[in-house]
$ cat coords_24.cif   # mmCIF, C-alpha atoms
data_protein
loop_
_atom_site.label_atom_id
_atom_site.label_comp_id
_atom_site.auth_asym_id
_atom_site.auth_seq_id
_atom_site.Cartn_x
_atom_site.Cartn_y
_atom_site.Cartn_z
CA MET E 1 50.74 -10.21 34.97
CA GLU E 2 51.63 -8.37 31.80
CA ARG E 3 53.51 -5.06 31.94
CA HIS E 4 52.41 -3.63 28.59
CA VAL E 5 50.57 -5.29 25.71
CA LEU E 6 51.19 -4.37 22.06
CA ILE E 7 48.51 -5.26 19.53
CA ILE E 8 49.54 -5.19 15.86
CA PHE E 9 46.94 -5.65 13.12
CA PRO E 10 46.49 -4.31 9.59
CA HIS E 11 42.80 -3.37 9.54
CA PRO E 12 40.42 -1.55 11.84
CA ASP E 13 38.15 -4.37 13.16
CA ASP E 14 40.91 -7.02 13.18
CA GLU E 15 41.17 -6.24 16.89
CA ALA E 16 37.45 -6.82 17.35
CA PHE E 17 36.57 -10.29 16.09
CA GLY E 18 38.85 -12.69 17.91
CA VAL E 19 40.74 -10.40 20.24
CA ALA E 20 38.50 -7.72 21.82
CA GLY E 21 37.68 -9.73 24.96
CA THR E 22 41.35 -10.44 25.58
CA ILE E 23 42.23 -6.76 25.14
CA LEU E 24 39.46 -5.82 27.60
CA SER E 25 40.80 -8.34 30.11
CA TYR E 26 44.10 -6.42 30.09
CA THR E 27 42.82 -2.84 30.02
CA ARG E 28 40.25 -3.53 32.79
CA ALA E 29 43.12 -4.85 34.91
CA GLY E 30 44.94 -1.55 34.38
CA ILE E 31 47.51 -2.95 31.96
CA PRO E 32 48.36 -0.44 29.22
CA VAL E 33 47.65 -1.55 25.67
CA THR E 34 49.20 0.02 22.56
CA TYR E 35 47.60 -0.73 19.21
CA ILE E 36 49.43 -0.41 15.89
CA CYS E 37 46.88 -0.41 13.08
CA LEU E 38 48.65 -0.45 9.74
CA THR E 39 45.86 0.66 7.37
CA LEU E 40 42.38 2.14 7.43
CA GLY E 41 40.85 -0.80 5.59
CA GLU E 42 40.44 1.43 2.53
CA MET E 43 39.69 -1.56 0.29
CA GLY E 44 36.93 -3.11 2.36
CA ARG E 45 33.97 -4.50 0.46
CA ASN E 46 31.43 -3.78 3.17
CA MET E 47 29.97 -0.32 2.82
CA GLY E 48 27.36 -0.53 5.58
CA ARG E 49 23.73 -1.55 5.57
CA PRO E 50 22.14 0.54 4.19
CA LEU E 51 25.17 1.87 2.28
CA ILE E 52 26.87 4.54 4.39
CA ALA E 53 30.22 4.66 2.61
CA ASN E 54 31.84 4.72 -0.79
CA ARG E 55 35.43 3.87 -1.76
CA GLU E 56 36.58 7.44 -1.03
CA THR E 57 34.69 8.06 2.22
CA LEU E 58 35.34 4.57 3.66
CA PRO E 59 38.75 5.39 5.20
CA HIS E 60 37.34 8.42 7.03
CA ILE E 61 34.40 6.42 8.34
CA ARG E 62 36.62 3.52 9.41
CA GLN E 63 39.00 5.91 11.17
CA LYS E 64 36.13 7.15 13.34
CA GLU E 65 34.98 3.57 13.95
CA LEU E 66 38.52 2.62 14.97
CA GLU E 67 38.73 5.53 17.41
CA LYS E 68 35.37 4.59 18.92
CA ALA E 69 36.44 0.92 19.22
CA CYS E 70 39.66 1.97 20.98
CA GLU E 71 37.67 4.09 23.40
CA LEU E 72 35.43 1.12 24.21
CA LEU E 73 38.48 -1.14 24.56
CA GLY E 74 40.30 1.24 26.91
CA ILE E 75 43.16 1.66 24.42
CA HIS E 76 44.70 5.11 24.87
CA ASP E 77 47.72 4.64 22.59
CA LEU E 78 46.69 4.06 18.98
CA ARG E 79 49.45 4.24 16.37
CA GLN E 80 48.25 4.44 12.80
CA PHE E 81 50.86 3.57 10.20
CA GLY E 82 49.01 5.02 7.20
CA LEU E 83 49.67 2.13 4.83
CA ARG E 84 47.07 1.15 2.26
CA ASP E 85 44.82 -1.84 2.67
CA LYS E 86 45.83 -4.85 0.53
CA THR E 87 49.29 -3.46 -0.26
CA ILE E 88 51.25 -4.48 2.84
CA GLU E 89 52.93 -7.52 1.26
CA PHE E 90 54.05 -5.36 -1.69
CA ALA E 91 55.39 -2.45 0.34
CA ASP E 92 59.02 -2.14 1.49
CA GLN E 93 59.14 -4.79 4.24
CA GLN E 94 62.26 -3.35 5.90
CA VAL E 95 60.50 -0.02 6.39
CA ILE E 96 57.53 -1.73 8.02
CA ILE E 97 59.77 -3.92 10.20
CA ASP E 98 61.78 -0.82 11.26
CA ARG E 99 58.63 1.06 12.22
CA ILE E 100 57.28 -1.86 14.23
CA TYR E 101 60.68 -2.35 15.89
CA LYS E 102 60.76 1.30 16.95
CA VAL E 103 57.38 0.95 18.67
CA ILE E 104 58.55 -2.25 20.39
CA GLU E 105 61.62 -0.35 21.64
CA ASP E 106 59.41 2.52 22.74
CA VAL E 107 56.74 0.65 24.72
CA LYS E 108 58.79 -2.46 25.65
CA PRO E 109 55.81 -4.80 25.65
CA SER E 110 55.81 -7.98 27.69
CA LEU E 111 53.27 -9.41 25.22
CA ILE E 112 52.56 -8.85 21.53
CA ILE E 113 49.33 -10.01 19.89
CA THR E 114 49.27 -10.26 16.09
CA PHE E 115 48.34 -12.63 13.27
CA TYR E 116 50.09 -15.96 12.84
CA PRO E 117 52.13 -15.52 9.64
CA GLY E 118 51.06 -17.95 6.93
CA TYR E 119 47.88 -19.06 8.68
CA ALA E 120 45.74 -15.93 8.80
CA VAL E 121 44.01 -16.03 5.38
CA HIS E 122 44.25 -12.39 4.25
CA PRO E 123 47.59 -11.42 2.63
CA ASP E 124 47.73 -8.30 4.83
CA HIS E 125 47.28 -10.47 7.93
CA ASN E 126 50.09 -12.81 6.94
CA ALA E 127 52.42 -9.96 5.94
CA THR E 128 51.76 -8.12 9.20
CA GLY E 129 52.43 -11.21 11.30
CA ALA E 130 55.64 -11.91 9.37
CA ALA E 131 56.89 -8.32 9.81
CA VAL E 132 56.18 -8.48 13.55
CA ILE E 133 58.15 -11.71 13.93
CA GLN E 134 61.05 -10.17 11.99
CA ALA E 135 60.99 -7.14 14.26
CA VAL E 136 60.95 -9.33 17.39
CA HIS E 137 63.91 -11.32 16.00
CA ARG E 138 65.99 -8.15 16.10
CA LEU E 139 65.87 -8.27 19.88
CA PRO E 140 68.33 -10.52 21.74
CA LYS E 141 66.77 -13.88 22.62
CA ASN E 142 66.64 -13.14 26.32
CA ASN E 143 64.78 -9.89 25.75
CA ARG E 144 61.96 -10.87 23.43
CA PRO E 145 58.33 -10.33 24.35
CA VAL E 146 55.95 -13.28 24.25
CA VAL E 147 53.97 -13.34 20.99
CA HIS E 148 50.41 -14.61 20.95
CA ALA E 149 49.47 -15.22 17.32
CA TYR E 150 45.97 -15.53 15.93
CA ALA E 151 45.42 -18.13 13.18
CA PHE E 152 42.24 -19.14 11.40
CA SER E 153 43.11 -20.57 7.99
CA GLU E 154 41.36 -23.78 6.99
CA GLY E 155 43.25 -26.78 8.36
CA CYS E 156 45.84 -24.68 10.21
CA GLU E 157 45.70 -26.87 13.31
CA ALA E 158 46.98 -29.86 11.32
CA VAL E 159 50.21 -27.91 10.81
CA ILE E 160 50.67 -25.63 13.82
CA GLY E 161 48.77 -27.73 16.33
CA SER E 162 46.03 -26.64 18.72
CA PRO E 163 46.05 -23.18 20.27
CA ASP E 164 47.79 -23.22 23.65
CA ILE E 165 46.12 -20.03 24.88
CA ILE E 166 42.35 -20.21 25.26
CA ASN E 167 40.94 -17.13 26.94
CA ASP E 168 37.46 -17.29 28.40
CA VAL E 169 36.27 -13.71 27.90
CA THR E 170 32.68 -14.27 29.09
CA PRO E 171 32.92 -11.33 31.58
CA PHE E 172 33.61 -9.01 28.64
CA ALA E 173 31.15 -10.48 26.14
CA GLU E 174 28.68 -7.59 26.11
CA ASP E 175 31.48 -5.05 25.73
CA LYS E 176 33.02 -7.11 22.96
CA LEU E 177 29.72 -7.00 21.07
CA LYS E 178 29.77 -3.19 21.45
CA VAL E 179 33.27 -3.09 19.95
CA LEU E 180 32.05 -5.16 17.01
CA GLU E 181 29.11 -2.79 16.67
CA ALA E 182 31.45 0.21 16.66
CA HIS E 183 32.81 -1.03 13.33
CA GLU E 184 29.40 -0.35 11.88
CA SER E 185 30.37 -0.11 8.21
CA GLN E 186 31.91 -3.59 8.41
CA THR E 187 29.67 -5.44 10.84
CA ALA E 188 26.17 -4.09 10.19
CA GLY E 189 25.37 -7.12 8.01
CA MET E 190 26.23 -9.69 10.68
CA ILE E 191 26.07 -8.18 14.16
CA GLY E 192 22.28 -8.50 14.51
CA GLY E 193 22.36 -12.20 13.72
CA LEU E 194 25.36 -12.84 15.96
CA LYS E 195 23.76 -11.05 18.93
CA LYS E 196 20.50 -12.92 18.41
CA ARG E 197 22.19 -16.32 18.24
CA TYR E 198 24.36 -15.41 21.24
CA ARG E 199 21.31 -14.49 23.33
CA GLN E 200 19.60 -17.71 22.24
CA LYS E 201 22.73 -19.48 23.52
CA ASP E 202 23.54 -20.98 20.14
CA GLU E 203 26.71 -22.94 20.84
CA ALA E 204 28.78 -21.65 17.92
CA ALA E 205 27.78 -18.03 18.60
CA VAL E 206 28.55 -18.34 22.31
CA ARG E 207 31.95 -19.78 21.51
CA ARG E 208 32.64 -17.06 18.95
CA VAL E 209 31.84 -14.33 21.47
CA THR E 210 33.31 -15.78 24.66
CA GLU E 211 36.32 -17.82 23.56
CA GLU E 212 39.49 -16.32 22.08
CA ARG E 213 42.28 -18.63 20.95
CA PHE E 214 45.94 -17.91 20.34
CA TRP E 215 49.12 -19.77 19.62
CA THR E 216 52.30 -18.81 21.44
CA TYR E 217 54.64 -18.15 18.52
CA PRO E 218 58.04 -19.84 18.82
CA VAL E 219 60.02 -16.59 18.64
CA ASN E 220 63.26 -18.28 19.65
CA ASP E 221 63.14 -21.06 17.06
CA GLY E 222 64.80 -21.03 13.66
CA PHE E 223 66.90 -18.27 12.16
CA SER E 224 67.42 -15.33 14.45
CA SER E 225 70.23 -13.18 15.75
CA MET D 226 25.69 6.81 -3.48
CA LYS D 227 22.47 6.52 -5.38
CA PRO D 228 21.21 4.20 -8.11
CA ILE D 229 22.66 4.99 -11.51
CA ASP D 230 20.60 7.26 -13.75
CA PRO D 231 22.07 6.43 -17.18
CA LEU D 232 21.02 9.71 -18.80
CA LYS D 233 22.72 11.78 -16.12
CA VAL D 234 25.78 9.53 -16.24
CA GLN D 235 26.02 9.87 -20.02
CA HIS D 236 25.83 13.64 -19.66
CA THR D 237 28.65 13.57 -17.07
CA LEU D 238 30.82 11.29 -19.25
CA SER D 239 30.35 13.63 -22.19
CA GLN D 240 31.52 16.56 -20.07
CA LEU D 241 34.68 14.65 -19.08
CA THR D 242 35.59 13.72 -22.67
CA GLY D 243 39.01 15.03 -23.65
CA LYS D 244 39.97 15.99 -20.08
CA LYS D 245 43.09 14.76 -18.30
CA LEU D 246 41.68 12.48 -15.62
CA TYR D 247 42.92 10.35 -12.74
CA VAL D 248 41.33 6.92 -12.64
CA HIS D 249 40.62 4.38 -9.91
CA LEU D 250 39.49 1.01 -11.27
CA GLU D 251 38.94 -2.05 -9.13
CA THR D 252 37.26 -5.41 -9.13
CA THR D 253 37.21 -7.76 -6.16
CA ASN D 254 35.66 -10.94 -4.79
CA GLY D 255 36.98 -10.08 -1.36
CA ALA D 256 39.99 -11.51 0.41
CA TYR D 257 37.91 -14.23 2.08
CA ALA D 258 36.21 -15.69 -1.00
CA SER D 259 38.59 -18.64 -1.25
CA HIS D 260 38.53 -19.06 2.54
CA TYR D 261 34.76 -19.62 2.62
CA ASN D 262 34.78 -21.71 -0.56
CA GLN D 263 38.05 -23.50 -1.29
CA GLN D 264 36.93 -24.21 -4.86
CA PHE D 265 36.48 -20.53 -5.58
CA LEU D 266 39.18 -18.70 -7.52
CA SER D 267 39.50 -15.33 -5.85
CA ALA D 268 40.34 -12.83 -8.56
CA GLY D 269 40.58 -9.08 -8.59
CA ALA D 270 42.51 -6.15 -9.96
CA PHE D 271 43.12 -2.63 -8.77
CA ILE D 272 44.74 0.47 -10.22
CA ARG D 273 44.66 3.93 -8.66
CA ASN D 274 45.70 7.31 -9.97
CA VAL D 275 46.63 6.26 -13.46
CA GLN D 276 46.23 9.24 -15.80
CA LEU D 277 43.92 8.86 -18.73
CA THR D 278 42.11 10.95 -21.32
CA PHE D 279 39.24 9.37 -23.21
CA VAL D 280 37.96 10.35 -26.63
CA GLN D 281 34.52 8.89 -26.10
CA GLY D 282 32.76 7.43 -23.07
CA LYS D 283 29.49 5.51 -22.95
CA ILE D 284 27.20 3.89 -20.43
CA LYS D 285 25.26 0.84 -21.63
CA GLY D 286 22.90 -1.78 -20.24
CA ASP D 287 19.62 -1.85 -18.33
CA GLY D 288 21.22 -2.11 -14.91
CA PRO D 289 23.60 -3.25 -13.70
CA TYR D 290 25.38 -1.00 -16.17
CA ARG D 291 28.57 -1.11 -18.22
CA ILE D 292 30.84 1.85 -18.86
CA GLY D 293 33.40 1.87 -21.66
CA LEU D 294 35.96 4.60 -22.28
CA GLU D 295 37.90 4.71 -25.56
CA THR D 296 41.30 6.39 -25.41
CA GLU D 297 43.69 7.32 -28.22
CA SER D 298 45.59 4.07 -27.78
CA GLY D 299 43.21 1.71 -25.98
CA TRP D 300 40.18 1.06 -23.81
CA LEU D 301 38.87 0.99 -20.28
CA TYR D 302 35.81 -1.03 -19.37
CA ALA D 303 33.83 -1.79 -16.21
CA GLU D 304 30.69 -3.89 -15.75
CA GLY D 305 28.33 -4.59 -12.89
CA LEU D 306 27.91 -0.91 -11.98
CA THR D 307 24.81 -0.16 -9.89
CA ASP D 308 25.38 3.13 -8.01
CA TRP D 309 27.06 6.44 -8.55
CA GLU D 310 27.87 9.77 -6.94
CA LEU D 311 29.28 13.10 -8.03
CA ASN D 312 30.89 14.31 -4.81
CA GLU D 313 31.99 17.69 -3.45
CA GLN D 314 35.54 17.14 -4.71
CA LYS D 315 34.10 16.82 -8.23
CA GLN D 316 35.07 13.15 -8.28
CA VAL D 317 32.75 10.90 -10.26
CA LEU D 318 32.36 7.63 -8.37
CA PHE D 319 30.75 4.49 -9.77
CA ALA D 320 30.36 1.23 -7.87
CA GLY D 321 28.72 -2.13 -8.31
CA HIS D 322 27.19 -3.51 -5.12
CA ASP D 323 25.96 -7.09 -4.81
CA LYS D 324 22.70 -8.10 -3.12
CA ASP D 325 24.37 -7.83 0.30
CA GLY D 326 25.59 -4.31 -0.43
CA LYS D 327 29.20 -5.44 -0.85
CA LEU D 328 31.34 -3.68 -3.38
CA ALA D 329 32.31 -5.85 -6.36
CA VAL D 330 33.57 -3.23 -8.80
CA ALA D 331 34.53 0.45 -8.65
CA LEU D 332 35.34 2.99 -11.34
CA GLU D 333 36.22 6.53 -10.31
CA LEU D 334 37.23 9.54 -12.39
CA SER D 335 38.67 12.81 -11.15
CA VAL D 336 40.54 15.78 -12.60
CA THR D 337 42.66 15.92 -9.42
CA PRO D 338 44.54 12.92 -7.99
CA PHE D 339 42.87 10.64 -5.44
CA PRO D 340 44.65 10.33 -2.09
CA LYS D 341 47.21 7.50 -2.26
#

$ encode --input "coords_24.cif" --output "structure tokens"
Amino acid sequence: MERHVLIIFPHPDDEAFGVAGTILSYTRAGIPVTYICLTLGEMGRNMGRPLIANRETLPHIRQKELEKACELLGIHDLRQFGLRDKTIEFADQQVIIDRIYKVIEDVKPSLIITFYPGYAVHPDHNATGAAVIQAVHRLPKNNRPVVHAYAFSEGCEAVIGSPDIINDVTPFAEDKLKVLEAHESQTAGMIGGLKKRYRQKDEAAVRRVTEERFWTYPVNDGFSS
Amino acid sequence: MKPIDPLKVQHTLSQLTGKKLYVHLETTNGAYASHYNQQFLSAGAFIRNVQLTFVQGKIKGDGPYRIGLETESGWLYAEGLTDWELNEQKQVLFAGHDKDGKLAVALELSVTPFPK
């Protein structure tokens, strides 16, 4: 049983797609979850259907969506880092690593969930995952939390193998769909189709909603203090 | 935002001529373009809060529209613009949305800086 789970993602809605059911499985069991969200997804291309946002209003709208999603997920500790979408890899990495490390020291998580660096497609995803691993490496080997990393780049399994953590989140499927729906500006174009295919028991849709896959990151391998 | 009315836009551009402006200019295919199609070259550019004063500004095309701004020492240009808005902060926002409503290009002008 986990003591405290720390979720670290760069964009509001990163916690929704492949992770929401897992988060719900912890919060429903009474395990506290802290969520560090690095940006407000200011540079998102989706503006809602019909358009509900523009480049300047999008961060405000996504902030409200993020708060609503956290409420649905049972996350009571949301830490927003205020970085800008698409700039994480260009920002001062030490500053980001320091800030993540301070939160790790503060909440002392038994488990961290983040993106698998190098295998998570979006440069912000990869930079976030890399900063998290660097922060974890600052802890002595015997005191590091477990890291479950989320990867989805094309062909990633040929390099990093199959995911060793496969969570069946069927009991939380309906709530997960609500979390996706909460990110309305980003999901309005796809949520209807996903729900329909899920209810028709389309195999790919069912798997997308009910199965969440992670790789335990080898935090004690390679260079570290 | 609402669909671009080129006459109103031209009027607004004329009013901004010679003023010290802050500019946001962006084009994007989205961070997932090359993920969904490995053959696709994902390209984009983004600049925010660069200061600029233009000596003449024009909107051209039948929609989607093009806007070109000539400065003392150079040019700014954006194409694919479909929608616009003059908001309460007196920022002039232009965007190009594709058939799915996704933003492909943005050009924004303001006399005060945009939030970083």

$ resolve_selection --input "coords_24.cif" --expression "the PyMOL selection byres ((chain D and resi 278) around 10)" --output "MDAnalysis selection string"
chainID D and resid 241:248 276:277 279:281 294:297

$ residues_around --input "coords_24.cif" --residues "stretch 164-172 of chain E" --least-positions-apart "4" --cutoff "12 Å" --atoms "only C-alpha atoms" --output "PyMOL selection string"
chain E and resi 18-28+72-73+113+146-151+157+160+176-179+198+206-218

$ interface_residues --input "coords_24.cif" --of "chain D" --to "chain E" --cutoff "7 Å" --atoms "all atoms listed in the file" --output "list in words"
Gly255, Ala256, Tyr257, His260, Gly326, Lys327 and Leu328 of chain D

$ resolve_selection --input "coords_24.cif" --expression "the PyMOL selection byres ((chain D and resi 290) around 8)" --output "list in words"
Ile284, Lys285, Gly286, Asp287, Gly288, Pro289, Arg291, Ile292, Glu304, Gly305, Leu306 and Thr307 of chain D

$ residues_around --input "coords_24.cif" --residues "D:His249" --least-positions-apart "3" --cutoff "12 Å" --atoms "all atoms listed in the file" --output "ChimeraX atom specification"
/E:43,55-56 /D:246,252,270-277,301-303,316-320,330-341

$ residues_around --input "coords_24.cif" --residues "E:Ala127" --least-positions-apart "3" --cutoff "8 Å" --atoms "only C-alpha atoms" --output "list in words"
Ile88, Glu89, Pro117, Pro123, Asp124, Ala130 and Ala131 of chain E

$ atom_distance --input "coords_24.cif" --atom1 "atom CA of E:Lys108" --atom2 "atom CA of E:Arg79"
14.8 Å

$ atom_distance --input "coords_24.cif" --atom1 "atom CA of E:Thr34" --atom2 "atom CA of E:Met190"
27.6 Å

$ resolve_selection --input "coords_24.cif" --expression "the PyMOL selection byres ((chain E and resi 11) around 7)" --output "PyMOL selection string"
chain E and resi 9-10+12-14+37-41

$ atom_distance --input "coords_24.cif" --atom1 "atom CA of E:Leu6" --atom2 "atom CA of E:Ile191"
26.6 Å

$ residues_around --input "coords_24.cif" --residues "E:Leu66" --least-positions-apart "2" --cutoff "9 Å" --atoms "all atoms listed in the file" --output "JSON, numbers by chain"
{"E": [12, 13, 40, 61, 62, 63, 64, 68, 69, 70, 71, 182, 183]}

$ decode --input "coords_24.cif" --residues "stretch 294-334 of chain D" --atoms "C-alpha atoms" --output "mmCIF file, in the first residue's frame"
data_model
loop_
_atom_site.group_PDB
_atom_site.id
_atom_site.type_symbol
_atom_site.label_atom_id
_atom_site.label_comp_id
_atom_site.auth_asym_id
_atom_site.auth_seq_id
_atom_site.Cartn_x
_atom_site.Cartn_y
_atom_site.Cartn_z
ATOM 1 C CA LEU D 294 3.218 44.539 -41.491
ATOM 2 C CA GLU D 295 6.074 46.628 -42.889
ATOM 3 C CA THR D 296 8.474 48.082 -40.334
ATOM 4 C CA GLU D 297 11.292 50.581 -40.780
ATOM 5 C CA SER D 298 13.826 47.785 -41.140
ATOM 6 C CA GLY D 299 11.826 44.702 -42.134
ATOM 7 C CA TRP D 300 8.585 42.760 -42.321
ATOM 8 C CA LEU D 301 6.172 40.592 -40.412
ATOM 9 C CA TYR D 302 3.798 38.263 -42.210
ATOM 10 C CA ALA D 303 1.148 35.713 -41.223
ATOM 11 C CA GLU D 304 -1.107 33.583 -43.425
ATOM 12 C CA GLY D 305 -3.999 31.227 -42.810
ATOM 13 C CA LEU D 306 -5.850 33.670 -40.548
ATOM 14 C CA THR D 307 -9.569 32.913 -40.137
ATOM 15 C CA ASP D 308 -10.789 34.515 -36.888
ATOM 16 C CA TRP D 309 -10.159 37.607 -34.850
ATOM 17 C CA GLU D 310 -11.088 39.417 -31.659
ATOM 18 C CA LEU D 311 -10.497 42.826 -30.141
ATOM 19 C CA ASN D 312 -10.644 42.019 -26.432
ATOM 20 C CA GLU D 313 -11.242 44.034 -23.257
ATOM 21 C CA GLN D 314 -7.496 44.494 -22.740
ATOM 22 C CA LYS D 315 -7.371 46.211 -26.155
ATOM 23 C CA GLN D 316 -5.350 43.306 -27.523
ATOM 24 C CA VAL D 317 -5.959 42.505 -31.182
ATOM 25 C CA LEU D 318 -5.952 38.735 -31.598
ATOM 26 C CA PHE D 319 -5.870 36.916 -34.928
ATOM 27 C CA ALA D 320 -5.882 33.146 -35.329
ATOM 28 C CA GLY D 321 -6.097 30.588 -38.081
ATOM 29 C CA HIS D 322 -8.170 27.536 -37.176
ATOM 30 C CA ASP D 323 -8.229 24.385 -39.292
ATOM 31 C CA LYS D 324 -11.388 22.419 -40.113
ATOM 32 C CA ASP D 325 -11.254 20.734 -36.692
ATOM 33 C CA GLY D 326 -11.020 24.076 -34.913
ATOM 34 C CA LYS D 327 -7.355 23.589 -34.050
ATOM 35 C CA LEU D 328 -5.108 26.600 -34.002
ATOM 36 C CA ALA D 329 -2.495 26.618 -36.772
ATOM 37 C CA VAL D 330 -1.323 30.222 -36.656
ATOM 38 C CA ALA D 331 -1.695 33.174 -34.294
ATOM 39 C CA LEU D 332 -0.806 36.842 -34.615
ATOM 40 C CA GLU D 333 -1.517 39.162 -31.701
ATOM 41 C CA LEU D 334 -0.826 42.871 -31.258
#
